[in-house]
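Student: What follows is input_8.json, made up of JSON, C-alpha atoms:
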```
[["chain", "number", "residue", "atom", "x", "y", "z"],
["A", 241, "MET", "CA", 79.23, 62.33, 94.84],
["A", 242, "LEU", "CA", 78.97, 63.37, 91.21],
["A", 243, "PRO", "CA", 78.74, 60.83, 88.44],
["A", 244, "SER", "CA", 81.69, 60.83, 86.04],
["A", 245, "ALA", "CA", 79.50, 62.15, 83.21],
["A", 246, "ASP", "CA", 79.34, 65.52, 84.98],
["A", 247, "ASP", "CA", 83.10, 65.82, 85.45],
["A", 248, "SER", "CA", 83.76, 67.59, 82.16],
["A", 249, "PHE", "CA", 81.19, 70.28, 83.02],
["A", 250, "TRP", "CA", 82.86, 71.03, 86.36],
["A", 251, "MET", "CA", 86.36, 70.82, 84.90],
["A", 252, "LYS", "CA", 85.41, 73.51, 82.36],
["A", 253, "LYS", "CA", 84.49, 75.71, 85.34],
["A", 254, "ALA", "CA", 87.96, 75.06, 86.80],
["A", 255, "LEU", "CA", 89.46, 75.92, 83.41],
["A", 256, "ALA", "CA", 87.60, 79.25, 83.47],
["A", 257, "GLU", "CA", 89.34, 79.94, 86.79],
["A", 258, "ALA", "CA", 92.69, 79.05, 85.21],
["A", 259, "LEU", "CA", 92.01, 81.62, 82.49],
["A", 260, "LEU", "CA", 91.47, 84.25, 85.19],
["A", 261, "ALA", "CA", 94.89, 83.38, 86.59],
["A", 262, "ALA", "CA", 96.43, 83.69, 83.13],
["A", 263, "GLU", "CA", 94.92, 87.16, 82.72],
["A", 264, "LYS", "CA", 96.77, 88.16, 85.91],
["A", 265, "LYS", "CA", 100.04, 86.68, 84.61],
["A", 266, "GLU", "CA", 99.80, 83.93, 87.25],
["A", 267, "VAL", "CA", 100.51, 80.27, 86.52],
["A", 268, "PRO", "CA", 97.16, 79.33, 84.91],
["A", 269, "ILE", "CA", 95.71, 76.84, 87.35],
["A", 270, "GLY", "CA", 92.09, 76.86, 88.43],
["A", 271, "ALA", "CA", 89.97, 74.83, 90.82],
["A", 272, "VAL", "CA", 86.36, 74.47, 91.86],
["A", 273, "ALA", "CA", 84.92, 72.66, 94.86],
["A", 274, "VAL", "CA", 81.55, 71.05, 94.15],
["A", 275, "PHE", "CA", 79.00, 69.89, 96.71],
["A", 276, "GLU", "CA", 75.55, 68.53, 95.81],
["A", 277, "ASN", "CA", 75.90, 69.70, 92.19],
["A", 278, "ARG", "CA", 76.81, 73.29, 92.98],
["A", 279, "ILE", "CA", 80.07, 75.16, 93.24],
["A", 280, "VAL", "CA", 80.78, 75.98, 96.86],
["A", 281, "GLY", "CA", 84.33, 77.22, 96.33],
["A", 282, "ARG", "CA", 86.42, 78.43, 93.45],
["A", 283, "GLY", "CA", 89.96, 79.63, 93.11],
["A", 284, "HIS", "CA", 92.80, 80.36, 90.76],
["A", 285, "ASN", "CA", 96.48, 80.80, 91.41],
["A", 286, "GLN", "CA", 97.28, 84.11, 93.09],
["A", 287, "VAL", "CA", 100.81, 83.42, 94.34],
["A", 288, "GLU", "CA", 102.34, 86.45, 92.61],
["A", 289, "SER", "CA", 99.38, 88.78, 93.18],
["A", 290, "LEU", "CA", 99.18, 88.05, 96.90],
["A", 291, "LYS", "CA", 102.91, 87.39, 97.33],
["A", 292, "ASP", "CA", 101.91, 84.20, 99.14],
["A", 293, "ALA", "CA", 103.37, 80.78, 98.32],
["A", 294, "THR", "CA", 100.22, 79.12, 99.69],
["A", 295, "ALA", "CA", 97.83, 81.00, 97.36],
["A", 296, "HIS", "CA", 97.33, 78.00, 95.07],
["A", 297, "ALA", "CA", 94.02, 77.52, 93.25],
["A", 298, "GLU", "CA", 93.16, 74.42, 95.29],
["A", 299, "MET", "CA", 93.87, 76.07, 98.64],
["A", 300, "ILE", "CA", 91.71, 79.07, 97.75],
["A", 301, "ALA", "CA", 88.86, 76.84, 96.51],
["A", 302, "LEU", "CA", 88.98, 74.68, 99.66],
["A", 303, "THR", "CA", 89.00, 77.75, 101.91],
["A", 304, "ALA", "CA", 86.03, 79.21, 100.05],
["A", 305, "ALA", "CA", 84.18, 75.88, 100.31],
["A", 306, "ALA", "CA", 84.77, 75.76, 104.07],
["A", 307, "GLN", "CA", 83.36, 79.27, 104.39],
["A", 308, "THR", "CA", 80.34, 78.45, 102.22],
["A", 309, "LEU", "CA", 79.60, 75.20, 104.05],
["A", 310, "GLU", "CA", 80.47, 76.75, 107.43],
["A", 311, "GLY", "CA", 82.90, 74.07, 108.47],
["A", 312, "TRP", "CA", 86.34, 72.73, 107.63],
["A", 313, "ARG", "CA", 85.18, 69.12, 107.16],
["A", 314, "LEU", "CA", 84.26, 69.02, 103.49],
["A", 315, "SER", "CA", 82.70, 65.55, 103.30],
["A", 316, "GLY", "CA", 80.78, 65.12, 100.07],
["A", 317, "VAL", "CA", 82.92, 67.67, 98.19],
["A", 318, "THR", "CA", 84.71, 66.94, 94.94],
["A", 319, "LEU", "CA", 87.63, 69.21, 94.04],
["A", 320, "PHE", "CA", 88.25, 69.73, 90.33],
["A", 321, "THR", "CA", 91.62, 71.22, 89.43],
["A", 322, "THR", "CA", 93.34, 71.82, 86.14],
["A", 323, "LEU", "CA", 96.74, 70.58, 87.34],
["A", 324, "GLU", "CA", 97.80, 67.69, 89.53],
["A", 325, "PRO", "CA", 98.06, 69.06, 93.07],
["A", 326, "CYS", "CA", 101.39, 69.67, 94.79],
["A", 327, "VAL", "CA", 102.26, 68.21, 98.20],
["A", 328, "MET", "CA", 100.66, 71.15, 100.04],
["A", 329, "CYS", "CA", 97.39, 70.96, 98.12],
["A", 330, "ALA", "CA", 97.21, 67.16, 98.30],
["A", 331, "GLY", "CA", 97.70, 67.44, 102.06],
["A", 332, "ALA", "CA", 94.93, 70.02, 102.26],
["A", 333, "ALA", "CA", 92.65, 67.63, 100.38],
["A", 334, "ILE", "CA", 93.25, 65.00, 103.06],
["A", 335, "LEU", "CA", 92.94, 67.40, 105.98],
["A", 336, "SER", "CA", 89.72, 68.97, 104.67],
["A", 337, "ARG", "CA", 88.20, 65.48, 104.27],
["A", 338, "ILE", "CA", 87.01, 65.92, 100.69],
["A", 339, "ASP", "CA", 85.65, 62.77, 99.06],
["A", 340, "ARG", "CA", 87.18, 63.09, 95.64],
["A", 341, "LEU", "CA", 89.80, 64.96, 93.64],
["A", 342, "VAL", "CA", 89.79, 65.18, 89.84],
["A", 343, "PHE", "CA", 92.69, 66.73, 87.95],
["A", 344, "ALA", "CA", 93.16, 67.51, 84.25],
["A", 345, "ALA", "CA", 96.93, 67.65, 83.64],
["A", 346, "LYS", "CA", 99.88, 65.88, 85.22],
["A", 347, "ASP", "CA", 102.70, 67.83, 86.86],
["A", 348, "PRO", "CA", 105.99, 65.97, 86.30],
["A", 349, "LYS", "CA", 107.93, 68.42, 88.48],
["A", 350, "ALA", "CA", 105.73, 68.83, 91.55],
["A", 351, "GLY", "CA", 102.73, 66.50, 91.24],
["A", 352, "ALA", "CA", 101.79, 64.73, 94.46],
["A", 353, "CYS", "CA", 99.12, 62.42, 93.02],
["A", 354, "GLY", "CA", 101.42, 60.07, 91.17],
["A", 355, "SER", "CA", 103.86, 62.10, 89.09],
["A", 356, "VAL", "CA", 106.57, 62.79, 91.69],
["A", 357, "VAL", "CA", 105.01, 61.27, 94.80],
["A", 358, "ASP", "CA", 101.56, 59.89, 95.53],
["A", 359, "ILE", "CA", 100.47, 61.21, 98.89],
["A", 360, "LEU", "CA", 96.80, 60.45, 98.35],
["A", 361, "ALA", "CA", 97.50, 56.77, 97.66],
["A", 362, "ASP", "CA", 99.19, 56.32, 101.03],
["A", 363, "GLY", "CA", 96.69, 54.37, 103.10],
["A", 364, "LYS", "CA", 98.29, 55.46, 106.38],
["A", 365, "PHE", "CA", 96.38, 58.73, 106.60],
["A", 366, "ASN", "CA", 93.20, 58.93, 108.63],
["A", 367, "HIS", "CA", 91.19, 60.00, 105.57],
["A", 368, "GLN", "CA", 91.27, 58.64, 102.03],
["A", 369, "VAL", "CA", 90.55, 60.80, 99.00],
["A", 370, "LYS", "CA", 89.50, 59.16, 95.75],
["A", 371, "VAL", "CA", 91.73, 60.56, 92.96],
["A", 372, "GLU", "CA", 90.96, 60.57, 89.26],
["A", 373, "PHE", "CA", 93.06, 61.82, 86.37],
["A", 374, "LYS", "CA", 90.76, 63.00, 83.59],
["A", 375, "PRO", "CA", 92.87, 64.62, 80.86],
["A", 376, "LEU", "CA", 91.67, 67.94, 79.50],
["A", 377, "PRO", "CA", 93.88, 69.01, 76.57],
["A", 378, "GLU", "CA", 92.90, 72.67, 76.99],
["A", 379, "ALA", "CA", 94.32, 72.73, 80.52],
["A", 380, "GLU", "CA", 97.64, 71.28, 79.44],
["A", 381, "ALA", "CA", 97.80, 73.60, 76.40],
["A", 382, "LEU", "CA", 97.17, 76.65, 78.57],
["A", 383, "LEU", "CA", 100.03, 75.70, 80.89],
["A", 384, "LYS", "CA", 102.42, 74.97, 78.01],
["A", 385, "LYS", "CA", 101.60, 78.31, 76.37],
["A", 386, "PHE", "CA", 102.16, 80.16, 79.65],
["A", 387, "PHE", "CA", 105.58, 78.63, 80.28],
["A", 388, "LYS", "CA", 106.66, 79.02, 76.65],
["A", 389, "THR", "CA", 105.79, 82.73, 76.83],
["A", 390, "LEU", "CA", 107.61, 83.01, 80.15],
["A", 391, "ARG", "CA", 110.77, 81.45, 78.67],
["A", 392, "THR", "CA", 110.57, 83.65, 75.56],
["A", 393, "ASP", "CA", 110.13, 86.81, 77.65],
["A", 394, "SER", "CA", 113.03, 85.75, 79.88],
["A", 395, "GLU", "CA", 115.29, 85.21, 76.84],
["A", 396, "LYS", "CA", 114.31, 88.61, 75.40],
["A", 397, "ALA", "CA", 115.14, 90.27, 78.72],
["A", 398, "LYS", "CA", 118.67, 88.80, 78.57],
["A", 399, "GLU", "CA", 119.31, 90.39, 75.15]]
```
Turn the structure described in the file into C-alpha cells.

Tutor:
Amino acid sequence: MLPSADDSFWMKKALAEALLAAEKKEVPIGAVAVFENRIVGRGHNQVESLKDATAHAEMIALTAAAQTLEGWRLSGVTLFTTLEPCVMCAGAAILSRIDRLVFAAKDPKAGACGSVVDILADGKFNHQVKVEFKPLPEAEALLKKFFKTLRTDSEKAKE
C-alpha cells in the first residue's frame, strides 16, 4: 500500500488521463491503478467514443490492471480517480478486491462513495475497500469547465 505522501504524484497521473478524455470531448475523468509503486492500469472516460455506458475511466483502469497482473483479484492495488466513482465503478472496486480507492472530486449527482450513496462503507460486502477523498482543485476545475462549455454549446445550438 502506498503512503499518503505519494498520493498526489499518482493523482496527477490520473489527471493526465482526464485530460486525454477532454481532448476526445469525453467527460474528463481519469484513473490509474497502482501496484507496488507502478501503474498497472490506466484509463479515461470513453463512453461516447466507444458508445458504451460501461467505458468509465475506473472500469478501463481496473480491466487493464487485471490484464497486467494476470488475474482479476487486484489485492494490493490502489485506484486513483479524478471523480468520486459511480455505483458501477464502486461495485467493480469491491469485486476486483482492490485495497484502496482515492478520489479527487466529489460527484453530488452520481457519487457512490458518500455523495449520493456510500456503497464502499457498507460492511455487508465480502471485501472492504479503504476510501479516501483527497481534493485536487485541478480535477474539479476541469470538470466544471467541461460542463460549462457543454451548456454554452447547447444554448448556442438552440439559437

Student: Which residue gives the smallest distance to A:Lys252 among A:Ser289, A:Thr321, A:Asn277, A:Thr294, with only C-alpha atoms counted?

Tutor: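 Among the listed residues, A:Thr321 lies closest to A:Lys252.
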
Student: Excluding A:Pro268 and residues on its chain fewer than 6 positions from it, collect all residues at most 6 Å away from it, counting all atoms listed in the file, and give them as a PyMOL selection string.

Tutor: chain A and resi 258+261-262

Student: Please produce a file of the residues just selected, as a tab-separated table (two decimals), keeping the file's coordinate frame, where the atoms kept are C-alpha atoms.

Tutor:
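Output below, filename out-v3.tsv:
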```
chain	number	residue	atom	x	y	z
A	258	ALA	CA	92.69	79.05	85.21
A	261	ALA	CA	94.89	83.38	86.59
A	262	ALA	CA	96.43	83.69	83.13
```

Student: Between atom CA of A:Glu276 and atom CA of A:Leu260, what is the distance, to one decimal in Å?

Tutor: 24.8 Å

Student: Starting from the point (84.2, 80.6, 95.0), work out which residues of protein, DNA or RNA have an atom no more than 7 Å away when counting all atoms listed in the file; state them as a list in words.

Tutor: Val280, Gly281, Arg282, Gly283, Ala301 and Ala304 of chain A

Student: Determine, counting only C-alpha atoms, which protein, DNA and RNA residues have an atom within 12 Å of an atom of A:Glu263; residues of the same chain fewer than 2 positions away are not included. Present the result as a list in words.

Tutor: Ala256, Glu257, Ala258, Leu259, Leu260, Ala261, Lys265, Glu266, Val267, Pro268, Ile269, His284, Asn285, Gln286, Ser289, Leu382 and Phe386 of chain A

Student: Here is a test: counting all atoms listed in the file, which residue of A:Ala344, A:Met328, A:Ala273, A:Ala305 is nearest to A:Ala381?

Tutor: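 Looking at the shortest contact to A:Ala381, the residue is A:Ala344.
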
Student: Record the distance separating atom CA of A:Arg337 and atom CA of A:Lys349, expressed in Å with one decimal.

Tutor: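 We find that atom CA of A:Arg337 and atom CA of A:Lys349 lie 25.4 Å from each other.
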
Student: Please compute the atom CA of A:Cys326-atom CA of A:Gln368 distance, one decimal, in Å.

Tutor: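 Interatomic distance here is 16.6 Å.
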
Student: How would you write as a compact mmCIF listing (two decimals) with C-alpha atoms, in the coordinates of the input the residues that get within 12 Å of (82.5, 65.4, 97.8) in the file's frame, counting all atoms listed in the file?

Tutor:
```
# COMPACT_ATOMS: atom_id res chain seq x y z
CA MET A 241 79.23 62.33 94.84
CA LEU A 242 78.97 63.37 91.21
CA PRO A 243 78.74 60.83 88.44
CA VAL A 272 86.36 74.47 91.86
CA ALA A 273 84.92 72.66 94.86
CA VAL A 274 81.55 71.05 94.15
CA PHE A 275 79.00 69.89 96.71
CA GLU A 276 75.55 68.53 95.81
CA ASN A 277 75.90 69.70 92.19
CA ARG A 278 76.81 73.29 92.98
CA ILE A 279 80.07 75.16 93.24
CA VAL A 280 80.78 75.98 96.86
CA LEU A 302 88.98 74.68 99.66
CA ALA A 305 84.18 75.88 100.31
CA LEU A 309 79.60 75.20 104.05
CA ARG A 313 85.18 69.12 107.16
CA LEU A 314 84.26 69.02 103.49
CA SER A 315 82.70 65.55 103.30
CA GLY A 316 80.78 65.12 100.07
CA VAL A 317 82.92 67.67 98.19
CA THR A 318 84.71 66.94 94.94
CA LEU A 319 87.63 69.21 94.04
CA PHE A 320 88.25 69.73 90.33
CA ALA A 333 92.65 67.63 100.38
CA ILE A 334 93.25 65.00 103.06
CA SER A 336 89.72 68.97 104.67
CA ARG A 337 88.20 65.48 104.27
CA ILE A 338 87.01 65.92 100.69
CA ASP A 339 85.65 62.77 99.06
CA ARG A 340 87.18 63.09 95.64
CA LEU A 341 89.80 64.96 93.64
CA VAL A 342 89.79 65.18 89.84
CA GLN A 368 91.27 58.64 102.03
CA VAL A 369 90.55 60.80 99.00
CA LYS A 370 89.50 59.16 95.75
CA VAL A 371 91.73 60.56 92.96
```

Student: Which residue gives the smallest distance to A:Ala271 among A:Pro377, A:Gly354, A:Pro325, A:Pro348, with only C-alpha atoms counted?

Tutor: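 Among the listed residues, A:Pro325 lies closest to A:Ala271.
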
Student: Could you tell me which of A:Val327, A:Leu335, A:Glu372, A:Ala254 comes closest to A:Ala352 if we count all atoms listed in the file?

Tutor: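 Looking at the shortest contact to A:Ala352, the residue is A:Val327.
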
Student: Have a look at A:Val287, A:Met251, A:His296, A:Cys329 and name the one nearest to A:Ala345; count only C-alpha atoms.

Tutor: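 Closest residue, counting only C-alpha atoms: A:Met251.
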